[in-house]
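K.L.:
Dropping in coords.txt, which is compact mmCIF, C-alpha atoms (C1' of nucleotides):
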# COMPACT_ATOMS: atom_id res chain seq x y z
CA MET A 65 -5.51 -43.59 18.94
CA PRO A 66 -3.46 -40.45 18.82
CA PHE A 67 -2.62 -38.61 22.01
CA ASN A 68 -4.01 -35.32 20.80
CA PHE A 69 -6.63 -32.88 22.02
CA PRO A 70 -7.78 -30.68 19.15
CA LYS A 71 -10.08 -27.72 19.34
CA LYS A 72 -13.20 -29.56 18.24
CA GLU A 73 -12.94 -31.92 21.22
CA LYS A 74 -13.01 -28.96 23.62
CA LEU A 75 -16.25 -28.07 25.29
CA LYS A 76 -17.00 -24.50 24.28
CA SER A 77 -20.75 -24.04 24.08
CA LYS A 78 -22.02 -22.11 27.04
CA LYS A 79 -25.39 -23.77 26.61
CA LEU A 80 -23.92 -27.23 27.04
CA ILE A 81 -21.99 -26.18 30.11
CA GLU A 82 -25.15 -24.78 31.66
CA GLN A 83 -26.89 -28.08 30.98
CA LEU A 84 -24.03 -30.02 32.52
CA PHE A 85 -24.35 -28.20 35.81
CA VAL A 86 -28.11 -28.65 35.86
CA LYS A 87 -28.56 -32.23 34.62
CA GLY A 88 -25.10 -33.75 34.67
CA LYS A 89 -24.04 -36.73 36.78
CA SER A 90 -20.76 -36.76 38.62
CA ILE A 91 -17.98 -39.10 39.59
CA SER A 92 -15.12 -38.06 41.80
CA SER A 93 -11.67 -39.30 42.58
CA TYR A 94 -10.36 -36.65 44.90
CA PRO A 95 -9.24 -34.05 44.01
CA ILE A 96 -10.72 -34.49 40.52
CA LYS A 97 -14.46 -34.45 39.93
CA LEU A 98 -15.96 -35.38 36.59
CA ILE A 99 -19.36 -34.08 35.56
CA TYR A 100 -20.73 -35.85 32.49
CA LEU A 101 -23.88 -35.89 30.42
CA LYS A 102 -24.98 -37.95 27.43
CA VAL A 103 -25.96 -35.36 24.84
CA GLU A 104 -26.04 -34.66 21.12
CA LEU A 105 -22.91 -32.75 20.23
CA PRO A 106 -22.89 -30.08 17.52
CA ILE A 107 -19.79 -31.55 15.84
CA ASP A 108 -19.13 -35.20 15.00
CA VAL A 109 -16.80 -36.17 17.86
CA PRO A 110 -17.29 -38.78 20.59
CA ILE A 111 -16.61 -36.54 23.60
CA GLN A 112 -16.19 -32.83 24.25
CA ALA A 113 -14.31 -32.03 27.42
CA GLY A 114 -13.56 -28.91 29.43
CA VAL A 115 -11.64 -28.20 32.62
CA THR A 116 -12.20 -25.71 35.39
CA VAL A 117 -10.54 -24.67 38.62
CA PRO A 118 -12.52 -22.60 41.09
CA LYS A 119 -11.19 -19.15 41.81
CA LYS A 120 -12.18 -19.63 45.44
CA ASN A 121 -9.44 -22.19 46.04
CA PHE A 122 -6.72 -20.62 43.94
CA LYS A 123 -6.62 -16.86 43.84
CA SER A 124 -3.54 -16.72 41.66
CA ALA A 125 -4.29 -16.90 37.94
CA VAL A 126 -0.89 -18.47 37.35
CA LYS A 127 -1.70 -21.41 39.63
CA ARG A 128 -5.15 -21.88 38.11
CA ASN A 129 -3.59 -21.92 34.65
CA ARG A 130 -1.04 -24.48 35.75
CA ILE A 131 -3.67 -26.86 37.12
CA LYS A 132 -5.89 -26.50 34.08
CA ARG A 133 -2.95 -27.33 31.87
CA LEU A 134 -2.12 -30.39 33.93
CA LEU A 135 -5.74 -31.55 33.74
CA ARG A 136 -5.85 -31.09 30.00
CA GLU A 137 -2.52 -32.84 29.60
CA SER A 138 -3.54 -35.86 31.64
CA TYR A 139 -6.88 -36.11 29.84
CA ARG A 140 -5.03 -36.03 26.53
CA LEU A 141 -2.79 -38.92 27.57
CA ASN A 142 -5.56 -41.02 29.09
CA LYS A 143 -8.60 -40.40 26.95
CA ALA A 144 -8.10 -43.65 25.03
CA VAL A 145 -9.56 -45.40 28.10
CA VAL A 146 -13.00 -43.89 27.49
CA PHE A 147 -12.87 -43.52 23.72
CA ASN A 148 -12.63 -47.26 23.19
CA ASN A 149 -15.74 -48.53 24.92
CA ARG A 150 -18.42 -45.94 24.80
CA GLU A 151 -21.88 -45.73 23.33
CA GLY A 152 -23.26 -42.36 22.34
CA THR A 153 -21.67 -38.97 22.73
CA PHE A 154 -20.83 -37.20 25.96
CA ALA A 155 -19.94 -33.80 27.38
CA PHE A 156 -17.30 -33.86 30.11
CA LEU A 157 -16.27 -31.22 32.60
CA PHE A 158 -13.37 -31.81 34.96
CA LEU A 159 -13.34 -29.88 38.21
CA TYR A 160 -10.34 -29.58 40.47
CA LEU A 161 -11.53 -29.50 44.05
CA GLY A 162 -8.20 -29.63 45.91
CA LYS A 163 -6.65 -26.68 47.64
CA GLU A 164 -2.98 -27.62 47.20
CA MET A 165 -0.85 -27.50 44.08
CA PRO A 166 -0.64 -31.05 42.69
CA THR A 167 2.23 -32.68 40.81
CA ALA A 168 1.82 -33.98 37.29
CA GLN A 169 2.07 -37.58 38.54
CA GLN A 170 -0.76 -37.10 41.04
CA VAL A 171 -3.04 -35.55 38.47
CA GLY A 172 -2.24 -38.30 35.97
CA ALA A 173 -3.04 -41.09 38.43
CA GLN A 174 -6.32 -39.56 39.58
CA MET A 175 -7.37 -38.83 36.02
CA LYS A 176 -6.84 -42.46 35.11
CA SER A 177 -8.88 -43.64 38.07
CA VAL A 178 -11.76 -41.25 37.42
CA LEU A 179 -11.98 -42.33 33.79
CA GLU A 180 -11.97 -46.02 34.77
CA LYS A 181 -14.79 -45.35 37.24
CA PHE A 182 -16.70 -43.70 34.42
CA ASN A 183 -16.30 -46.79 32.24
CA LYS A 184 -17.62 -49.09 35.00
CA LYS A 185 -20.62 -46.88 35.62
CA ILE A 186 -21.51 -46.62 31.96
CA SER A 187 -21.30 -50.36 31.37
CA HIS A 188 -23.71 -50.96 34.30
CA GLU A 189 -26.32 -48.58 32.93
C1' U B 950 32.45 -7.90 54.16
C1' U B 951 27.45 -6.17 55.52
C1' A B 952 23.54 -2.58 54.95
C1' G B 953 21.23 1.57 52.51
C1' C B 954 20.40 4.93 48.33
C1' A B 955 20.58 6.14 42.97
C1' G B 956 21.00 4.43 37.91
C1' G B 957 21.27 0.53 34.21
C1' U B 958 20.68 -4.60 32.06
C1' C B 959 18.12 -9.09 32.25
C1' U B 960 13.96 -12.21 33.95
C1' C B 961 17.54 -19.56 33.81
C1' C B 962 19.46 -21.99 29.09
C1' C B 963 19.94 -26.28 25.52
C1' U B 964 18.33 -31.08 23.27
C1' A B 965 14.69 -34.99 22.32
C1' U B 966 9.62 -36.93 22.36
C1' C B 967 4.31 -35.93 22.81
C1' G B 968 0.78 -31.78 22.58
C1' C B 969 -1.89 -26.54 22.08
C1' G B 970 -3.13 -21.51 19.37
C1' A B 971 -3.64 -18.31 15.31
C1' U B 972 -1.09 -17.35 10.46
C1' G B 973 1.25 -18.51 5.51
C1' A B 974 2.12 -22.34 1.78
C1' C B 975 0.53 -27.10 -0.47
C1' U B 976 -5.02 -25.14 -2.06
C1' A B 977 -8.61 -25.12 -5.67
C1' U B 978 -15.56 -21.40 -5.08
C1' A B 979 -15.93 -22.47 0.01
C1' A B 980 -15.62 -25.65 4.22
C1' A B 981 -13.43 -29.81 6.60
C1' C B 982 -9.21 -32.99 7.09
C1' G B 983 -4.03 -33.58 6.44
C1' U B 984 1.24 -32.15 5.60
C1' U B 985 4.78 -28.43 6.35
C1' A B 986 7.23 -23.58 7.69
C1' G B 987 8.47 -19.84 10.86
C1' C B 988 5.85 -17.30 15.12
C1' G B 989 3.42 -17.50 20.16
C1' A B 990 2.98 -13.51 27.82
C1' G B 991 5.14 -9.11 31.34
C1' G B 992 8.32 -5.61 33.73
C1' A B 993 5.04 -5.23 36.24
C1' A B 994 0.56 -8.47 31.59
C1' A B 995 -1.57 -6.85 38.39
C1' G B 996 -4.32 -2.71 41.22
C1' U B 997 -8.06 -0.12 37.88
C1' C B 998 -5.77 5.25 40.70
C1' C B 999 -5.07 9.34 36.77
C1' G B 1000 -4.53 10.94 31.40
C1' G B 1001 -5.72 10.00 26.19
C1' A B 1002 -7.08 7.41 21.33
C1' C B 1003 -11.53 5.08 19.49
C1' A B 1004 -17.05 4.18 19.53
C1' C B 1005 -22.09 5.26 20.62
C1' C B 1006 -26.02 8.26 23.00
C1' A B 1007 -30.04 15.85 22.88
C1' U B 1008 -31.61 11.30 28.39
C1' A B 1009 -25.53 14.55 24.54
C1' G B 1010 -27.48 21.60 24.66
C1' U B 1011 -27.47 26.28 28.29
C1' G B 1012 -27.01 28.35 33.29
C1' C B 1013 -26.20 27.38 38.34
C1' A B 1014 -24.37 23.70 41.39
C1' A B 1015 -20.71 19.83 41.99
C1' C B 1016 -15.84 17.81 41.28
C1' A B 1017 -10.56 18.17 40.02
C1' U B 1018 -5.95 20.95 39.65
C1' A B 1019 -2.83 25.16 42.03
C1' G B 1020 4.89 29.07 42.76
C1' C B 1021 7.37 29.93 37.85
C1' G B 1022 9.22 27.88 33.14
C1' G B 1023 9.57 23.72 29.89
C1' G B 1024 8.15 18.52 27.80
C1' U B 1025 3.72 16.01 25.88
C1' A B 1026 -1.87 13.75 22.18
C1' A B 1027 -2.95 14.56 27.36
C1' C B 1028 -2.26 14.29 32.64
C1' A B 1029 -2.89 14.64 39.02
C1' C B 1030 3.03 12.38 35.06
C1' C B 1031 8.23 13.90 33.86
C1' C B 1032 12.38 17.68 33.72
C1' G B 1033 14.47 22.34 35.27
C1' U B 1034 14.19 26.32 38.65
C1' C B 1035 12.69 29.71 42.84
C1' G B 1036 10.78 29.88 47.79
C1' U B 1037 10.06 27.29 52.50
C1' C B 1038 11.48 23.43 56.01
C1' A B 1039 14.94 19.60 57.97
C1' C B 1040 19.84 17.57 58.31
C1' G B 1041 25.10 17.83 57.41
C1' U B 1042 29.42 20.80 56.61
C1' C B 1043 31.73 25.40 57.27
C1' U B 1044 36.82 29.81 56.17
C1' C B 1045 29.86 31.90 58.92
C1' G B 1046 29.41 34.20 53.07
C1' G B 1047 27.79 30.00 51.42
C1' C B 1048 27.83 24.83 49.82
C1' G B 1049 25.75 19.73 49.73
C1' U B 1050 21.65 16.16 50.55
C1' G B 1051 16.56 15.29 51.32
C1' A B 1052 11.39 16.78 51.81
C1' U B 1053 7.55 20.05 50.07
C1' A B 1054 -1.30 20.05 48.22
C1' G B 1055 3.66 26.03 47.65
C1' G B 1056 -2.65 30.78 44.34
C1' A B 1057 -5.45 34.50 47.71
C1' C B 1058 -6.72 36.10 54.76
C1' A B 1059 -8.34 41.65 49.68
C1' A B 1060 -14.69 40.48 50.97
C1' G B 1061 -17.83 37.51 54.41
C1' U B 1062 -17.94 33.37 58.11
C1' G B 1063 -15.26 30.19 61.39
C1' C B 1064 -11.08 28.31 64.48
C1' A B 1065 -6.84 28.89 68.02
C1' G B 1066 -2.79 24.85 73.13
C1' C B 1067 0.06 27.23 77.31
C1' A B 1068 0.44 31.93 79.74
C1' G B 1069 -2.88 35.92 80.76
C1' A B 1070 -8.31 39.62 83.93
C1' A B 1071 -9.23 39.52 78.77
C1' A B 1072 -7.45 36.51 72.09
C1' G B 1073 -13.25 39.99 70.88
C1' A B 1074 -18.91 41.89 71.48
C1' A B 1075 -16.31 40.29 77.33
C1' U B 1076 -13.52 42.47 81.33
C1' G B 1077 -9.85 43.96 84.93
C1' U B 1078 -4.89 43.86 88.94
C1' A B 1079 -1.02 47.39 90.79
C1' C B 1080 0.98 52.37 90.36
C1' A B 1081 0.46 57.25 88.26
C1' G B 1082 -2.56 60.96 85.75
C1' G B 1083 -7.49 62.75 84.73
C1' U B 1084 -13.09 63.41 85.23
C1' A B 1085 -19.36 65.35 87.52
C1' A B 1086 -18.81 59.93 86.79
C1' U B 1087 -16.73 55.55 84.13
C1' G B 1088 -10.59 51.21 81.92
C1' C B 1089 -11.15 57.53 80.47
C1' U B 1090 -5.44 57.68 79.61
C1' G B 1091 -0.28 55.98 80.42
C1' U B 1092 3.15 52.44 82.51
C1' A B 1093 3.96 47.60 84.58
C1' G B 1094 2.51 42.41 83.81
C1' U B 1095 1.10 37.54 80.01
C1' G B 1096 2.09 36.29 75.09
C1' A B 1097 4.15 35.43 68.49
C1' A B 1098 0.08 38.94 68.72
C1' A B 1099 -3.78 43.12 73.44
C1' U B 1100 -10.08 47.62 70.14
C1' C B 1101 -3.64 48.41 67.15
C1' A B 1102 -3.97 44.32 64.83
C1' G B 1103 -1.88 39.53 63.54
C1' G B 1104 -2.07 33.84 62.38
C1' U B 1105 -4.89 29.92 59.92
C1' A B 1106 -7.66 28.36 53.32
C1' A B 1107 -4.92 19.14 53.31
C1' A B 1108 -11.37 25.63 57.58
C1' C B 1109 -15.78 27.12 54.82
C1' U B 1110 -14.78 30.67 51.12
C1' C B 1111 -12.71 33.57 46.92
C1' U B 1112 -9.72 33.54 42.26
C1' A B 1113 -7.84 31.12 37.76
C1' U B 1114 -8.08 26.80 34.59
C1' G B 1115 -10.47 22.29 33.24
C1' U B 1116 -14.46 18.52 33.32
C1' G B 1117 -21.40 15.68 29.42
C1' G B 1118 -22.26 10.34 30.12
C1' U B 1119 -21.28 5.25 29.10
C1' G B 1120 -17.13 1.79 28.13
C1' A B 1121 -14.91 -3.49 23.44
C1' A B 1122 -20.23 -7.53 27.11
C1' A B 1123 -18.61 -0.15 23.38
C1' C B 1124 -19.97 -0.21 18.35
C1' G B 1125 -20.72 -2.05 13.13
C1' U B 1126 -22.34 -6.06 10.18
C1' C B 1127 -24.24 -11.15 8.43
C1' A B 1128 -27.49 -15.47 8.95
C1' U B 1129 -32.22 -18.17 10.59
C1' G B 1130 -37.35 -15.91 10.89
C1' U B 1131 -43.51 -14.76 13.40
C1' A B 1132 -47.09 -10.81 16.45
C1' A B 1133 -50.15 -5.66 19.36
C1' A B 1134 -43.40 -5.14 21.60
C1' U B 1135 -38.19 -2.12 17.44
C1' C B 1136 -36.45 1.73 14.01
C1' G B 1137 -37.17 5.65 10.17
C1' A B 1138 -40.41 9.21 7.67
C1' U B 1139 -44.95 12.06 7.78
C1' G B 1140 -47.47 14.22 11.71
C1' U B 1141 -51.86 16.35 15.67
C1' U B 1142 -53.20 18.79 20.23
C1' U B 1143 -53.47 19.57 26.02
C1' G B 1144 -48.02 20.34 27.08
C1' A B 1145 -51.44 17.33 31.76
C1' G B 1146 -48.35 13.19 32.96
C1' G B 1147 -43.78 10.44 32.41
C1' G B 1148 -38.29 10.31 31.20
C1' U B 1149 -33.82 13.28 31.78
C1' A B 1150 -26.71 13.12 36.68
C1' G B 1151 -28.47 17.69 41.90
C1' C B 1152 -31.80 21.93 40.33
C1' A B 1153 -33.96 25.26 36.50
C1' C B 1154 -34.58 26.04 31.28
C1' G B 1155 -34.39 23.16 27.11
C1' C B 1156 -34.89 18.32 24.99
C1' C B 1157 -37.31 13.38 24.46
C1' C B 1158 -41.88 10.20 24.82
C1' A B 1159 -47.72 8.70 23.94
C1' A B 1160 -52.62 8.73 18.61
C1' A B 1161 -52.70 7.62 13.30
C1' U B 1162 -50.59 6.45 8.32
C1' C B 1163 -46.57 4.59 5.25
C1' G B 1164 -42.00 2.00 4.88
C1' A B 1165 -38.12 -0.96 6.91
C1' A B 1166 -36.33 -4.27 10.00
C1' G B 1167 -35.88 -6.06 15.50
C1' G B 1168 -36.19 -9.28 20.63
C1' G B 1169 -34.23 -14.15 21.74
C1' U B 1170 -30.38 -17.88 20.36
C1' A B 1171 -24.23 -14.94 25.80
C1' G B 1172 -24.64 -17.44 17.10
C1' G B 1173 -20.65 -16.01 13.10
C1' C B 1174 -17.52 -12.09 11.20
C1' G B 1175 -15.45 -7.19 11.68
C1' G B 1176 -13.70 -3.78 15.59
C1' U B 1177 -8.44 -6.51 16.77
C1' U B 1178 -3.57 -5.47 16.49
C1' U B 1179 1.05 -0.89 11.74
C1' G B 1180 1.12 1.81 16.47
C1' A B 1181 1.72 8.97 20.08
C1' G B 1182 5.42 1.23 17.29
C1' U B 1183 10.64 -0.93 17.83
C1' C B 1184 16.04 -0.60 16.83
C1' U B 1185 20.49 2.12 15.13
C1' U B 1186 23.09 6.62 13.90
C1' U B 1187 23.52 11.93 13.79
C1' G B 1188 22.12 16.72 15.54
C1' G B 1189 19.53 20.40 19.18
C1' G B 1190 18.66 20.89 24.61
C1' C B 1191 21.47 21.50 31.63
C1' A B 1192 17.49 17.88 31.49
C1' A B 1193 12.64 15.75 30.61
C1' U B 1194 12.65 15.20 25.55
C1' C B 1195 12.53 16.74 20.33
C1' A B 1196 14.04 16.51 15.05
C1' A B 1197 16.21 14.03 10.77
C1' A B 1198 18.03 9.68 8.17
C1' G B 1199 18.21 4.41 7.71
C1' A B 1200 16.44 -0.40 9.04
C1' U B 1201 12.41 -3.42 10.77
C1' C B 1202 7.12 -5.94 11.62
C1' U B 1203 7.36 -8.34 16.96
C1' A B 1204 1.06 -12.80 20.66
C1' G B 1205 -4.02 -12.21 19.17
C1' A B 1206 -6.96 -16.46 22.65
C1' U B 1207 -12.64 -16.10 23.66
C1' A B 1208 -14.99 -22.02 29.36
C1' A B 1209 -10.04 -18.53 26.87
C1' A B 1210 -3.40 -21.19 23.14
C1' U B 1211 1.76 -20.15 24.81
C1' G B 1212 2.17 -26.74 27.90
C1' A B 1213 3.93 -31.84 29.69
C1' U B 1214 7.73 -35.55 30.26
C1' A B 1215 12.90 -37.11 30.08
C1' G B 1216 18.10 -35.88 29.85
C1' G B 1217 22.10 -32.29 30.13
C1' G B 1218 24.07 -27.56 31.66
C1' A B 1219 24.15 -22.66 34.60
C1' U B 1220 23.49 -19.96 39.32
C1' U B 1221 22.50 -20.07 44.65
C1' C B 1222 22.15 -22.83 49.31
C1' G B 1223 23.42 -27.19 52.40
C1' U B 1224 31.01 -24.98 56.67
C1' U B 1225 35.22 -26.11 52.26
C1' G B 1226 36.53 -29.66 47.59
C1' A B 1227 34.27 -33.96 45.15
C1' A B 1228 29.78 -36.47 45.08
C1' C B 1229 24.73 -36.00 46.37
C1' G B 1230 20.33 -33.27 47.51
C1' A B 1231 17.28 -28.93 47.36
C1' A B 1232 15.94 -24.34 45.28
C1' U B 1233 15.71 -20.82 40.64
C1' A B 1234 11.39 -14.63 42.64
C1' C B 1235 6.80 -11.74 41.75
C1' A B 1236 3.50 -13.28 38.57
C1' G B 1237 -0.47 -14.89 32.99
C1' A B 1238 -1.98 -10.74 27.47
C1' A B 1239 -8.02 -10.00 26.63
C1' U B 1240 -9.41 -2.81 22.28
C1' C B 1241 -4.81 -0.01 22.31
C1' C B 1242 -1.33 3.66 24.19
C1' G B 1243 1.23 7.40 28.24
C1' G B 1244 1.87 7.56 33.58
C1' C B 1245 1.29 6.41 38.87
C1' U B 1246 0.99 2.67 42.72
C1' U B 1247 1.83 -2.12 44.63
C1' A B 1248 4.51 -7.33 44.36
C1' U B 1249 9.36 -9.22 43.24
C1' G B 1250 14.70 -12.42 41.75
C1' A B 1251 19.71 -11.88 39.73
C1' C B 1252 23.84 -9.13 37.90
C1' C B 1253 26.69 -4.53 36.89
C1' U B 1254 28.21 0.68 38.03
C1' G B 1255 28.57 4.83 41.44
C1' C B 1256 28.00 7.02 46.30
C1' U B 1257 27.30 6.84 51.71
C1' U B 1258 27.39 4.68 56.64
C1' U B 1259 28.24 1.06 60.55
C1' U B 1260 30.59 -3.31 62.46
C1' U B 1261 34.46 -7.02 62.20
C1' A B 1262 39.36 -8.48 60.54
C1' A B 1263 44.19 -7.12 58.57
What would the structure in this file look like if it were written as structure tokens?

P.N.:
Amino acid sequence: MPFNFPKKEKLKSKKLIEQLFVKGKSISSYPIKLIYLKVELPIDVPIQAGVTVPKKNFKSAVKRNRIKRLLRESYRLNKAVVFNNREGTFAFLFLYLGKEMPTAQQVGAQMKSVLEKFNKKISHE
RNA sequence: UUAGCAGGUCUCCCUAUCGCGAUGACUAUAAACGUUAGCGAGGAAAGUCCGGACACCAUAGUGCAACAUAGCGGGUAACACCCGUCGUCACGUCUCGGCGUGAUAGGACAAGUGCAGCAGAAAGAAUGUACAGGUAAUGCUGUAGUGAAAUCAGGUAAACUCUAUGUGGUGAAACGUCAUGUAAAUCGAUGUUUGAGGGUAGCACGCCCAAAUCGAAGGGUAGGCGGUUUGAGUCUUUGGGCAAUCAAAGAUCUAGAUAAAUGAUAGGGAUUCGUUGAACGAAUACAGAAUCCGGCUUAUGACCUGCUUUUUAA
């Protein structure tokens, strides 16, 4: 399992994102919230993921960029957790709900926990 | 030493590991995957306040209106920007002629309209004090008095106004093109009459629109590709010019994403701060390209040069 995050694993379709907000289920591990949906993906990959930081909480574009990069980085390092035991394909969207700048360690820990919660929930269904 | 002003330079650096984006090569009809190479945010990328390039639209034209600009000269693709200069104002200096620094929406009161603190009877369609003169009679005349200015006029246009010059609108989600594919809804051509009605930036004129026939393709799917980065480019030298800046020669190619790349971790170094040295710790501004340029404005760290002023110490 390589620790990479290529372009085809990024959630880009605006249609899918719309669907996520309408039908998606969510899990949160503050300050990270994961919205997910089991869907057919246009390309043959297990999961497509995107990140977003609301403009309301962070007015500065530099800070929003920083958090999005941290989210992407931590997903890249921890995605093996969900890639290994999944059935079907999913669309993910990570939301950052906090109002303070996090450190890389904090984001990493919460990312791990939210992905583990996702695994538990999926195995119960 | 501290503060201020003006100008200039830069925007922490290095190594390792793991990643991201587009491009070239391997590479072939194309795509995908992989390997590899070099490249990958700013001085303001920001605010969107001006000026352009570029694109499309007669719902784009014409007149009025509206809006913008405002000494003079120069620079420029253009400007409300920049440079020079004159006037005015303020401050400083002074040998009282000037000199230095800073500020400046600075055309016109010629036409019409409006406005004006204090003082004053009265600042223009309203009236009068004292003294003197004069008349049939009357502020009719003079002087005094108030004021910058008293039926003699003057001031004011970041007051209406006038003059000169300029301005159509919409903005890359513009616009072009490709693919899938059905109708009465789209476009083009031909074309008829009442020009009623509707549309058109405020108004008027003008213009456009509705039937039918023929031909071709649209909406929607925020689909793909182009536009999209070689340009009023950057650097160096020489020459012209007080300067802004211009010209010539040589060299050079320097981000191109689209739910949006340019990052993360570890180690080392640099600078600053924690009274000094070591050690240790903390901090390293403002801020993220989105069609592209020229300005303005705002945010903001460090260093260098020059000038000025105050305080402290010697």

K.L.:
Please build the interface table for chain A against chain B with a cut-off of 8 Å, listing for each qualifying residue the nearest atom pair and the distance in Å to one decimal; count only C-alpha atoms (C1' of nucleotides), order rows by chain and increasing number, and write it as CSV.

P.N.:
residue,atom,partner,partner_atom,distance
A:Phe67,CA,B:C967,C1',7.5
A:Asn68,CA,B:G968,C1',6.2
A:Phe69,CA,B:G968,C1',7.5
A:Pro70,CA,B:C969,C1',7.8
A:Leu75,CA,B:A1208,C1',7.4
A:Lys76,CA,B:A1208,C1',6.0
A:Lys78,CA,B:A1208,C1',7.4
A:Gly114,CA,B:A1208,C1',7.0
A:Val115,CA,B:A1208,C1',7.7
A:Thr116,CA,B:A1208,C1',7.6
A:Ala125,CA,B:G1237,C1',6.6
A:Val126,CA,B:G1237,C1',5.7
A:Asn129,CA,B:G1237,C1',7.9
A:Arg133,CA,B:G1212,C1',6.5
A:Leu134,CA,B:A1213,C1',7.5
A:Glu137,CA,B:A1213,C1',6.5

K.L.:
Using all atoms listed in the file, which of the listed residues (A:Ser124, A:Thr153, A:Ser92, A:Ser77) sits closest to Ile111 (chain A)?

P.N.:
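For Ile111 (chain A), the nearest of the given residues is A:Thr153.
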
K.L.:
So which residues touch C1028 (chain B) within 12 Å, counting all atoms listed in the file, skipping near sequence neighbours fewer than 3 positions away, as JSON, numbers by chain?

P.N.:
{"B": [999, 1000, 1001, 1017, 1018, 1025, 1031, 1115, 1243, 1244, 1245]}

K.L.:
Rank nothing, just name the residue among B:A1153, B:A1196, B:A1181, B:C1040 nearest to C1242 (chain B), using all atoms listed in the file.

P.N.:
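Closest residue, counting all atoms listed in the file: B:A1181.
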
K.L.:
Rank B:A1071, B:A1165, B:G1216, B:U1203 by their smallest atom-to-atom distance to G1180 (chain B), using all atoms listed in the file, and report the top residue only.

P.N.:
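For G1180 (chain B), the nearest of the candidates is B:U1203.
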
K.L.:
Quick one, how far is CA of Ser90 (chain A) from CA of Lys143 (chain A)?

P.N.:
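A separation of 17.2 Å between them.
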
K.L.:
Identify, on the basis of all atoms listed in the file, every residue whose closest approach to G1175 (chain B) does not exceed 12 Å; exclude the query and any residue fewer than 3 positions from it along the same chain; express the result as a PDB file with C-alpha atoms (C1' of nucleotides), keeping the file's coordinate frame.

P.N.:
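Okay, this is what ended up in out-v4.pdb:
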ATOM      1  C1'   C B1124     -19.970  -0.210  18.350  1.00  0.00           C
ATOM      2  C1'   G B1125     -20.720  -2.050  13.130  1.00  0.00           C
ATOM      3  C1'   U B1126     -22.340  -6.060  10.180  1.00  0.00           C
ATOM      4  C1'   C B1127     -24.240 -11.150   8.430  1.00  0.00           C
TER       5        C B1127
END

K.L.:
So which one's closest to A1262 (chain B), B:C1006, B:A1085, B:A1093, B:U950? Using all atoms listed in the file, please.

P.N.:
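Ranked by minimum distance to A1262 (chain B), first place goes to B:U950.
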
K.L.:
Report as number ranges by chain all protein, DNA and RNA residues lying within 12 Å of G1051 (chain B), evaluated on all atoms listed in the file, omitting residues in the same chain fewer than 4 positions from it.

P.N.:
B: 954, 1038-1041

K.L.:
In Å, with one decimal, what is the gap from CA of Met165 (chain A) to C1' of C963 (chain B)?

P.N.:
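Computing it gives 27.9 Å between the two atoms.
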
K.L.:
Under the rule that all atoms listed in the file are counted, which of A:Phe154, A:Phe85, A:Tyr94, A:Tyr160 is the nearest residue to Ile131 (chain A)?

P.N.:
A:Tyr160

K.L.:
Calculate how many Å separate CA of Lys74 (chain A) from C1' of A995 (chain B), rounding to one decimal.

P.N.:
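A separation of 28.9 Å between them.
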
K.L.:
Identify the residues within 12 Å of coordinate (-1.4, -32.0, 44.3) (same frame as the file), considering all atoms listed in the file, and give the answer as a ChimeraX atom specification.

P.N.:
/A:94-96,127,130-131,134-135,160-174

K.L.:
Which neighbours of G1199 (chain B) fall inside 12 Å, counting all atoms listed in the file, when residues of the same chain fewer than 2 positions from it are skipped, and could you give them as a list in words?

P.N.:
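The neighbour list is C1184, U1185, U1186, U1187, A1197 and U1201 of chain B.
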
K.L.:
I'd like the contact shell of G1217 (chain B) - 12 Å cut-off, all atoms listed in the file, skipping same-chain residues fewer than 2 positions apart - returned as a list in words.

P.N.:
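Once the adjacent positions are removed, what remains is C962, C963, U964, A965, A1215 and A1219 of chain B.
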
K.L.:
So which residues fall inside 10 Å of (-17.4, -44.4, 30.7) if we count only C-alpha atoms (C1' of nucleotides)? Mind giving them as a list in words?

P.N.:
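Residues close enough to count: Tyr100, Val145, Val146, Phe147, Asn148, Asn149, Arg150, Glu151, Phe154, Val178, Leu179, Glu180, Lys181, Phe182, Asn183, Lys184, Lys185, Ile186, Ser187 and His188 of chain A.
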
K.L.:
Kindly complete region 167-171 of chain A to N, CA, C and O atoms; the output should be written as a PDB file, in the coordinates of the input.

P.N.:
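The result, stored in out28.pdb:
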ATOM      1  N   THR A 167       1.169 -32.409  41.780  1.00  0.00           N
ATOM      2  CA  THR A 167       2.230 -32.680  40.810  1.00  0.00           C
ATOM      3  C   THR A 167       1.584 -33.342  39.607  1.00  0.00           C
ATOM      4  O   THR A 167       0.440 -33.797  39.667  1.00  0.00           O
ATOM      5  N   ALA A 168       2.343 -33.396  38.522  1.00  0.00           N
ATOM      6  CA  ALA A 168       1.820 -33.980  37.290  1.00  0.00           C
ATOM      7  C   ALA A 168       1.485 -35.454  37.503  1.00  0.00           C
ATOM      8  O   ALA A 168       0.491 -35.959  36.974  1.00  0.00           O
ATOM      9  N   GLN A 169       2.310 -36.156  38.295  1.00  0.00           N
ATOM     10  CA  GLN A 169       2.070 -37.580  38.540  1.00  0.00           C
ATOM     11  C   GLN A 169       0.749 -37.797  39.263  1.00  0.00           C
ATOM     12  O   GLN A 169      -0.036 -38.673  38.904  1.00  0.00           O
ATOM     13  N   GLN A 170       0.491 -36.977  40.286  1.00  0.00           N
ATOM     14  CA  GLN A 170      -0.760 -37.100  41.040  1.00  0.00           C
ATOM     15  C   GLN A 170      -1.958 -36.892  40.134  1.00  0.00           C
ATOM     16  O   GLN A 170      -2.912 -37.672  40.160  1.00  0.00           O
ATOM     17  N   VAL A 171      -1.919 -35.845  39.335  1.00  0.00           N
ATOM     18  CA  VAL A 171      -3.040 -35.550  38.470  1.00  0.00           C
ATOM     19  C   VAL A 171      -3.252 -36.684  37.480  1.00  0.00           C
ATOM     20  O   VAL A 171      -4.376 -37.122  37.243  1.00  0.00           O
TER      21      VAL A 171
END
